[in-house]
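Okay, protein02.pdb now, which holds PDB, C-alpha atoms, pLDDT in the B column:
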```
ATOM      1  CA  MET I   1       9.445 -21.620   6.569  1.00 52.00           C
ATOM      2  CA  ALA I   2      12.247 -22.465   4.195  1.00 58.00           C
ATOM      3  CA  LYS I   3      14.368 -19.804   2.540  1.00 63.00           C
ATOM      4  CA  GLN I   4      13.922 -21.343  -0.888  1.00 67.00           C
ATOM      5  CA  LYS I   5      10.214 -21.091  -1.479  1.00 69.00           C
ATOM      6  CA  SER I   6       8.597 -23.261  -4.099  1.00 76.00           C
ATOM      7  CA  LYS I   7       5.245 -22.699  -5.709  1.00 80.00           C
ATOM      8  CA  ILE I   8       2.299 -24.600  -4.303  1.00 81.00           C
ATOM      9  CA  VAL I   9       0.543 -26.552  -7.043  1.00 82.00           C
ATOM     10  CA  LYS I  10      -2.505 -27.889  -5.204  1.00 85.00           C
ATOM     11  CA  GLU I  11      -3.890 -28.906  -1.830  1.00 87.00           C
ATOM     12  CA  LEU I  12      -3.836 -32.646  -1.158  1.00 88.00           C
ATOM     13  CA  ASP I  13      -6.352 -34.787   0.622  1.00 87.00           C
ATOM     14  CA  PRO I  14      -4.801 -36.108   3.874  1.00 88.00           C
ATOM     15  CA  LYS I  15      -5.840 -39.655   2.910  1.00 87.00           C
ATOM     16  CA  ASP I  16      -3.888 -39.503  -0.365  1.00 85.00           C
ATOM     17  CA  VAL I  17      -0.563 -38.397   1.157  1.00 88.00           C
ATOM     18  CA  GLU I  18       2.209 -40.967   0.634  1.00 87.00           C
ATOM     19  CA  GLY I  19       5.467 -41.289   2.533  1.00 87.00           C
ATOM     20  CA  PHE I  20       4.050 -40.447   5.960  1.00 88.00           C
ATOM     21  CA  SER I  21       2.718 -42.799   8.616  1.00 90.00           C
ATOM     22  CA  GLU I  22      -0.885 -42.547   9.798  1.00 91.00           C
ATOM     23  CA  ALA I  23       0.234 -41.377  13.248  1.00 93.00           C
ATOM     24  CA  ARG I  24       2.350 -38.608  11.713  1.00 92.00           C
ATOM     25  CA  ILE I  25      -0.493 -37.484   9.459  1.00 91.00           C
ATOM     26  CA  LYS I  26      -2.912 -37.354  12.409  1.00 92.00           C
ATOM     27  CA  HIS I  27      -0.344 -35.427  14.447  1.00 94.00           C
ATOM     28  CA  TYR I  28       0.123 -32.807  11.689  1.00 92.00           C
ATOM     29  CA  LEU I  29      -3.645 -32.498  11.251  1.00 92.00           C
ATOM     30  CA  SER I  30      -4.148 -32.046  14.993  1.00 93.00           C
ATOM     31  CA  LEU I  31      -1.644 -29.174  14.951  1.00 93.00           C
ATOM     32  CA  GLY I  32      -3.578 -27.469  12.160  1.00 92.00           C
ATOM     33  CA  TYR I  33      -1.282 -28.312   9.241  1.00 93.00           C
ATOM     34  CA  ARG I  34      -2.588 -29.228   5.791  1.00 91.00           C
ATOM     35  CA  PRO I  35      -0.724 -31.116   3.062  1.00 92.00           C
ATOM     36  CA  TYR I  36       0.148 -29.226  -0.144  1.00 90.00           C
ATOM     37  CA  LEU I  37       1.975 -30.428  -3.248  1.00 88.00           C
ATOM     38  CA  ASP I  38       4.715 -28.096  -4.445  1.00 87.00           C
ATOM     39  CA  GLU I  39       6.266 -27.729  -7.889  1.00 87.00           C
ATOM     40  CA  ARG I  40       9.076 -30.158  -7.005  1.00 86.00           C
ATOM     41  CA  SER I  41       6.496 -32.903  -6.274  1.00 86.00           C
ATOM     42  CA  LYS I  42       7.182 -32.779  -2.547  1.00 88.00           C
ATOM     43  CA  VAL I  43       4.558 -32.659   0.170  1.00 90.00           C
ATOM     44  CA  LYS I  44       4.670 -29.493   2.254  1.00 88.00           C
ATOM     45  CA  TRP I  45       2.777 -29.293   5.524  1.00 90.00           C
ATOM     46  CA  LEU I  46       1.636 -25.699   6.056  1.00 89.00           C
ATOM     47  CA  THR I  47      -0.827 -23.944   8.302  1.00 90.00           C
ATOM     48  CA  LEU I  48      -3.388 -21.634   6.721  1.00 87.00           C
ATOM     49  CA  PRO I  49      -1.436 -18.438   7.639  1.00 87.00           C
ATOM     50  CA  GLN I  50       1.773 -19.928   6.206  1.00 87.00           C
ATOM     51  CA  PHE I  51      -0.016 -20.871   3.006  1.00 85.00           C
ATOM     52  CA  THR I  52      -1.535 -17.401   2.722  1.00 81.00           C
ATOM     53  CA  MET I  53       1.835 -15.710   3.251  1.00 83.00           C
ATOM     54  CA  LEU I  54       3.461 -17.962   0.655  1.00 79.00           C
ATOM     55  CA  GLU I  55       0.750 -17.184  -1.890  1.00 79.00           C
ATOM     56  CA  ALA I  56       0.955 -13.455  -1.152  1.00 77.00           C
ATOM     57  CA  SER I  57       4.737 -13.410  -1.613  1.00 77.00           C
ATOM     58  CA  GLN I  58       4.377 -14.947  -5.076  1.00 75.00           C
ATOM     59  CA  VAL I  59       1.903 -12.369  -6.401  1.00 76.00           C
ATOM     60  CA  LYS I  60       3.320 -10.310  -9.255  1.00 80.00           C
ATOM     61  CA  VAL I  61       3.257  -6.561  -8.625  1.00 78.00           C
ATOM     62  CA  PRO I  62       2.502  -4.465 -11.719  1.00 81.00           C
ATOM     63  CA  ILE I  63       5.124  -1.943 -12.825  1.00 80.00           C
ATOM     64  CA  THR I  64       2.598   0.882 -12.457  1.00 81.00           C
ATOM     65  CA  HIS I  65       2.657   0.296  -8.704  1.00 77.00           C
ATOM     66  CA  TYR I  66       6.292   1.392  -8.603  1.00 75.00           C
ATOM     67  CA  ILE I  67       5.720   4.359 -10.920  1.00 78.00           C
ATOM     68  CA  PHE I  68       2.528   5.803  -9.432  1.00 77.00           C
ATOM     69  CA  GLY I  69       2.723   4.378  -5.911  1.00 72.00           C
ATOM     70  CA  SER I  70       3.348   6.440  -2.818  1.00 71.00           C
ATOM     71  CA  LYS I  71       7.037   7.176  -2.297  1.00 68.00           C
ATOM     72  CA  ASN I  72       6.925   7.642   1.467  1.00 65.00           C
ATOM     73  CA  LYS I  73       4.701   4.735   2.468  1.00 64.00           C
ATOM     74  CA  GLY I  74       5.605   3.393   5.866  1.00 65.00           C
ATOM     75  CA  ARG I  75       7.921   6.257   6.738  1.00 68.00           C
ATOM     76  CA  TYR I  76       7.280   8.610   9.614  1.00 68.00           C
ATOM     77  CA  ARG I  77       6.715  12.128   8.411  1.00 67.00           C
ATOM     78  CA  ARG I  78       7.021  14.941  10.901  1.00 72.00           C
ATOM     79  CA  ARG I  79       4.385  17.628  10.621  1.00 74.00           C
ATOM     80  CA  ARG I  80       5.475  21.226  10.710  1.00 75.00           C
ATOM     81  CA  HIS I  81       3.343  23.483  12.872  1.00 79.00           C
ATOM     82  CA  HIS I  82       3.002  27.113  11.843  1.00 80.00           C
ATOM     83  CA  GLY I  83       1.497  30.145  13.489  1.00 88.00           C
ATOM     84  CA  ARG I  84      -2.115  31.069  12.890  1.00 90.00           C
ATOM     85  CA  PHE I  85      -1.441  33.670  10.216  1.00 89.00           C
ATOM     86  CA  VAL I  86       1.072  31.542   8.306  1.00 88.00           C
ATOM     87  CA  GLY I  87      -1.232  28.538   8.475  1.00 87.00           C
ATOM     88  CA  PHE I  88      -4.125  30.645   7.191  1.00 87.00           C
ATOM     89  CA  VAL I  89      -2.046  31.930   4.273  1.00 86.00           C
ATOM     90  CA  LEU I  90      -0.786  28.445   3.437  1.00 87.00           C
ATOM     91  CA  ARG I  91      -4.330  27.088   3.358  1.00 91.00           C
ATOM     92  CA  HIS I  92      -5.926  29.976   1.445  1.00 92.00           C
ATOM     93  CA  TRP I  93      -3.099  31.290  -0.758  1.00 92.00           C
ATOM     94  CA  PHE I  94      -5.008  30.906  -4.019  1.00 95.00           C
ATOM     95  CA  PHE I  95      -8.049  32.852  -2.766  1.00 94.00           C
ATOM     96  CA  ALA I  96      -5.784  35.571  -1.324  1.00 91.00           C
ATOM     97  CA  LEU I  97      -3.912  35.852  -4.625  1.00 94.00           C
ATOM     98  CA  LEU I  98      -7.197  36.101  -6.501  1.00 96.00           C
ATOM     99  CA  LEU I  99      -8.470  38.880  -4.206  1.00 95.00           C
ATOM    100  CA  LEU I 100      -5.168  40.737  -4.503  1.00 95.00           C
ATOM    101  CA  THR I 101      -5.375  40.581  -8.296  1.00 97.00           C
ATOM    102  CA  ILE I 102      -8.960  41.893  -8.286  1.00 97.00           C
ATOM    103  CA  PHE I 103      -8.065  44.777  -5.946  1.00 97.00           C
ATOM    104  CA  ALA I 104      -5.047  45.664  -8.091  1.00 96.00           C
ATOM    105  CA  ALA I 105      -7.222  45.705 -11.232  1.00 94.00           C
ATOM    106  CA  LEU I 106      -9.860  47.901  -9.512  1.00 94.00           C
ATOM    107  CA  ALA I 107      -7.179  50.315  -8.225  1.00 94.00           C
ATOM    108  CA  TYR I 108      -5.687  50.598 -11.735  1.00 93.00           C
ATOM    109  CA  ILE I 109      -9.118  51.351 -13.205  1.00 91.00           C
ATOM    110  CA  TYR I 110      -9.898  53.905 -10.416  1.00 91.00           C
ATOM    111  CA  PHE I 111      -6.674  55.885 -10.929  1.00 91.00           C
ATOM    112  CA  ASN I 112      -6.698  55.594 -14.733  1.00 91.00           C
ATOM    113  CA  GLN I 113     -10.310  56.210 -15.681  1.00 86.00           C
ATOM    114  CA  SER I 114      -9.280  57.183 -19.181  1.00 85.00           C
ATOM    115  CA  VAL I 115      -8.700  53.473 -19.916  1.00 78.00           C
ATOM    116  CA  ILE I 116     -12.440  52.797 -19.733  1.00 77.00           C
ATOM    117  CA  PHE I 117     -13.892  56.054 -21.079  1.00 71.00           C
TER     118      PHE I 117
END
```
In structure tokens, how does this file's structure come out?
Amino acid sequence: MAKQKSKIVKELDPKDVEGFSEARIKHYLSLGYRPYLDERSKVKWLTLPQFTMLEASQVKVPITHYIFGSKNKGRYRRRRHHGRFVGFVLRHWFFALLLLTIFAALAYIYFNQSVIF
């Protein structure tokens, strides 16, 4: 495909294409090409995958995609492997912190009973 891509305006009927001989049109059609009219009023012969790629490259991406999109998409990320205890703590740190807080509160109440009574 060309480096300077032009927008495709519409798909043409092979019978309405001008500037090409009948033998050339039949040859392009036998190879799987279809005629398209671009914005410069030229006839482009593209296969369906080429047409799809051209249309996909011209789609506008919203700005929110860059703001909220994944920053490491497509990059290889190496996983760190921890021991069993460290992995357990990393997975359940909030629950462990909650239990520790409850035990600390119960110990404070047990040793300082005058706070309650």
Checklist entry - Can you tell me how far atom CA of I:Ile109 sits from atom CA of I:Leu97, in Å to one decimal? => result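 Straight-line distance from atom CA of I:Ile109 to atom CA of I:Leu97 works out to 18.5 Å.
Between atom CA of I:Leu46 and atom CA of I:Val17 the interatomic distance comes to 13.8 Å.
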Checklist entry - Given the choices I:His92, I:Lys42, I:Lys26, I:His65, which gets closest to I:Lys7 if the distance is worked out from all atoms listed in the file? => result I:Lys42
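Counting only C-alpha atoms and comparing I:His81, I:Pro62, I:Pro49, I:Asp16, the residue that lies closest to I:Gly32 is I:Pro49.
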Item to check | Nearest residue to I:Val43 from the set I:Arg24, I:Lys60, I:Arg78, I:Lys10 (distances using all atoms listed in the file) | outcome: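 The answer is I:Lys10, which sits nearest to I:Val43.
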Name the residues that the PyMOL selection byres ((chain I and resi 55) around 12) picks from the file above, as a PDB file with C-alpha atoms, keeping the file's coordinate frame, using the file's chain letters and numbers.
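Saved as result-v3.pdb:
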```
ATOM      1  CA  LYS I   5      10.214 -21.091  -1.479  1.00 69.00           C
ATOM      2  CA  SER I   6       8.597 -23.261  -4.099  1.00 76.00           C
ATOM      3  CA  LYS I   7       5.245 -22.699  -5.709  1.00 80.00           C
ATOM      4  CA  ILE I   8       2.299 -24.600  -4.303  1.00 81.00           C
ATOM      5  CA  VAL I   9       0.543 -26.552  -7.043  1.00 82.00           C
ATOM      6  CA  LYS I  10      -2.505 -27.889  -5.204  1.00 85.00           C
ATOM      7  CA  ASP I  38       4.715 -28.096  -4.445  1.00 87.00           C
ATOM      8  CA  LEU I  46       1.636 -25.699   6.056  1.00 89.00           C
ATOM      9  CA  LEU I  48      -3.388 -21.634   6.721  1.00 87.00           C
ATOM     10  CA  PRO I  49      -1.436 -18.438   7.639  1.00 87.00           C
ATOM     11  CA  GLN I  50       1.773 -19.928   6.206  1.00 87.00           C
ATOM     12  CA  PHE I  51      -0.016 -20.871   3.006  1.00 85.00           C
ATOM     13  CA  THR I  52      -1.535 -17.401   2.722  1.00 81.00           C
ATOM     14  CA  MET I  53       1.835 -15.710   3.251  1.00 83.00           C
ATOM     15  CA  LEU I  54       3.461 -17.962   0.655  1.00 79.00           C
ATOM     16  CA  ALA I  56       0.955 -13.455  -1.152  1.00 77.00           C
ATOM     17  CA  SER I  57       4.737 -13.410  -1.613  1.00 77.00           C
ATOM     18  CA  GLN I  58       4.377 -14.947  -5.076  1.00 75.00           C
ATOM     19  CA  VAL I  59       1.903 -12.369  -6.401  1.00 76.00           C
ATOM     20  CA  LYS I  60       3.320 -10.310  -9.255  1.00 80.00           C
TER      21      LYS I  60
END
```
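Of note, atom CA of I:Val61 and atom CA of I:Glu39 are spaced 21.4 Å apart.
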Checklist entry - So, counting only C-alpha atoms, which residue among I:Glu22, I:Thr64, I:Leu12, I:His82 is closest to I:Arg34? => result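 Checking each candidate against I:Arg34, we get I:Leu12 as the closest.
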Checklist entry - Evaluating the PyMOL selection byres ((chain I and resi 45) around 9) on the displayed file yields which residues, as a PyMOL selection string? => result chain I and resi 28+33-37+43-44+46-47
Produce the centre coordinates and the three edge lengths, each in Å to one decimal, of the box along x, y and z that contains all listed atoms of stretch 4-20 of chain I with 4 Å added on each side, as lines of an AutoDock Vina configuration file.
```
center_x = 3.8
center_y = -31.2
center_z = -0.5
size_x = 28.3
size_y = 28.2
size_z = 21.0
```
